[in-house]
Each structure stands twice: as structure tokens, then as C-alpha cells.
Amino acid sequence: MLKLIALAQHGMIFFIYFMQKIVIMGLLVLFPIIAMLQNFPSKRHLFGLWNREMLTNLFTQPVHALLYCFAFNLMQDAPDVEKIAYSAVLLLAIIPSGAFVREVFQGADLPMREQVGYGRWHI
């Protein structure tokens, strides 16, 4: 059971960090375009969007690392049953921690703004 949970964690970690790497590379490629669009007053807000997205993707990994350090310290001398419980809790905590970082850098009302059409009118 412990090996199955570990395998699920490794798969999830690989997928999350692989996708973040692709997003960060894409944002870095877009930076010159975003920088040039700063010359147009109607497009200046795009740099703020780019900046928030980049910061979110950069700071998600350190938050995950802190969670892993905390969980691995708890698991160090724990019996197998507790290791399974700690692994399951860690697996369930990774996604909400990324959502928390996104909320910190992009604000909690971002999906609501998209629902009412904020993105359509200002881009």
C-alpha cells in the first residue's frame, strides 16, 4: 500500500512540475512581446497579468518543498501505518497548496472576474 501511494505521489509530482516547467518556459518566451506591448496604453495591464502568473508558478514549488520537508520530518521515525496516513495527507495537500499560492498572487476573485466577462472587455 505504501509503495502504491509513493508511486502516485511521484507521478503527481512529475506531472505538476513538468507542466509548471512548460508554463514558465512559455511565459519567458512571451516576455519580449509583453514588454513591447507596454508601449500601448490599452495593453499595459497585460504585464501585471504576466507578472502574477510568473510569480505564482515560481513560488508554488517552494511551498511544495516546505510541505514535503514537514511531512518527511513527521515520517522519519513513524511506523508504516502512520507513514501511509502522512503520505495520503501530503498527497491531498499538494493541490490546495498550489491553489493557495495562486490565490495569494492573483487574488481570490479572479475566476469571478472571468465569469462576468472582465477578461473579454479589457484584453
# chains A, B, ... in the order shown; residues from 1 in each chain; ligands from 1

call {"tool": "residues_around", "arguments": {"residues": "Tyr17 in chain A", "least_positions_apart": "6", "cutoff": "10 Å", "atoms": "only C-alpha atoms", "output": "MDAnalysis selection string"}}
result
chainID A and resid 23 57 60:61

call {"tool": "write_last_selection", "arguments": {"atoms": "N, CA and C atoms", "output": "short mmCIF file (atom, residue, chain, number, x, y, z; two decimals), in the first residue's frame"}}
result
data_model
loop_
_atom_site.label_atom_id
_atom_site.label_comp_id
_atom_site.auth_asym_id
_atom_site.auth_seq_id
_atom_site.Cartn_x
_atom_site.Cartn_y
_atom_site.Cartn_z
N VAL A 23 4.93 25.87 -18.54
CA VAL A 23 4.27 27.17 -18.38
C VAL A 23 5.32 28.27 -18.17
N ASN A 57 3.76 30.69 -10.54
CA ASN A 57 4.45 29.47 -10.94
C ASN A 57 5.82 29.34 -10.29
N THR A 60 5.14 28.38 -6.28
CA THR A 60 4.43 27.15 -5.94
C THR A 60 5.40 26.05 -5.53
N GLN A 61 6.51 25.94 -6.21
CA GLN A 61 7.48 24.89 -5.91
C GLN A 61 8.09 25.02 -4.52
#

call {"tool": "closest_atom_pairs", "arguments": {"of": "range 39-75 of chain A", "to": "range 79-102 of chain A", "cutoff": "7 Å", "atoms": "only C-alpha atoms", "output": "Markdown table"}}
result
| residue | atom | partner | partner_atom | distance |
| --- | --- | --- | --- | --- |
| A:Thr56 | CA | A:Arg102 | CA | 5.4 |
| A:Thr60 | CA | A:Gly98 | CA | 5.6 |
| A:His64 | CA | A:Ile94 | CA | 6.5 |
| A:Ala71 | CA | A:Tyr86 | CA | 6.6 |
| A:Met75 | CA | A:Lys83 | CA | 5.6 |

call {"tool": "atom_distance", "arguments": {"atom1": "CA of Leu55 in chain A", "atom2": "CA of Met25 in chain A"}}
result
13.1 Å

call {"tool": "residues_around", "arguments": {"residues": "Arg44 in chain A", "least_positions_apart": "6", "cutoff": "10 Å", "atoms": "only C-alpha atoms", "output": "compact mmCIF listing (two decimals) with all heavy atoms, in the first residue's frame"}}
result
# COMPACT_ATOMS: atom_id res chain seq x y z
N ILE A 34 5.21 40.86 -24.33
CA ILE A 34 4.52 41.61 -23.27
C ILE A 34 5.24 42.93 -23.01
O ILE A 34 4.60 43.97 -22.81
CB ILE A 34 4.44 40.77 -21.98
CG1 ILE A 34 3.65 39.49 -22.21
CG2 ILE A 34 3.86 41.57 -20.83
CD1 ILE A 34 2.20 39.70 -22.54
N ALA A 35 6.58 42.91 -23.03
CA ALA A 35 7.34 44.14 -22.81
C ALA A 35 7.10 45.16 -23.92
O ALA A 35 6.97 46.36 -23.66
CB ALA A 35 8.82 43.81 -22.70
N MET A 36 7.00 44.69 -25.15
CA MET A 36 6.73 45.61 -26.26
C MET A 36 5.31 46.19 -26.18
O MET A 36 5.08 47.32 -26.57
CB MET A 36 6.93 44.91 -27.61
CG MET A 36 8.38 44.70 -27.96
SD MET A 36 8.65 44.11 -29.64
CE MET A 36 7.65 42.66 -29.71
N LEU A 37 4.38 45.39 -25.68
CA LEU A 37 3.00 45.87 -25.57
C LEU A 37 2.84 46.94 -24.48
O LEU A 37 1.79 47.59 -24.42
CB LEU A 37 2.05 44.70 -25.30
CG LEU A 37 1.82 43.78 -26.48
CD1 LEU A 37 0.98 42.59 -26.06
CD2 LEU A 37 1.17 44.52 -27.64
N GLN A 38 3.85 47.13 -23.66
CA GLN A 38 3.81 48.19 -22.65
C GLN A 38 3.73 49.57 -23.30
O GLN A 38 3.32 50.53 -22.67
CB GLN A 38 5.06 48.15 -21.76
CG GLN A 38 5.10 46.99 -20.80
CD GLN A 38 4.14 47.20 -19.66
OE1 GLN A 38 2.96 46.92 -19.78
NE2 GLN A 38 4.64 47.71 -18.57
N ILE A 123 -9.06 43.01 -22.56
CA ILE A 123 -7.87 42.47 -23.23
C ILE A 123 -7.80 42.99 -24.65
O ILE A 123 -8.71 43.20 -25.31
CB ILE A 123 -7.85 40.93 -23.19
CG1 ILE A 123 -7.61 40.52 -21.75
CG2 ILE A 123 -6.77 40.37 -24.09
CD1 ILE A 123 -7.55 39.03 -21.56
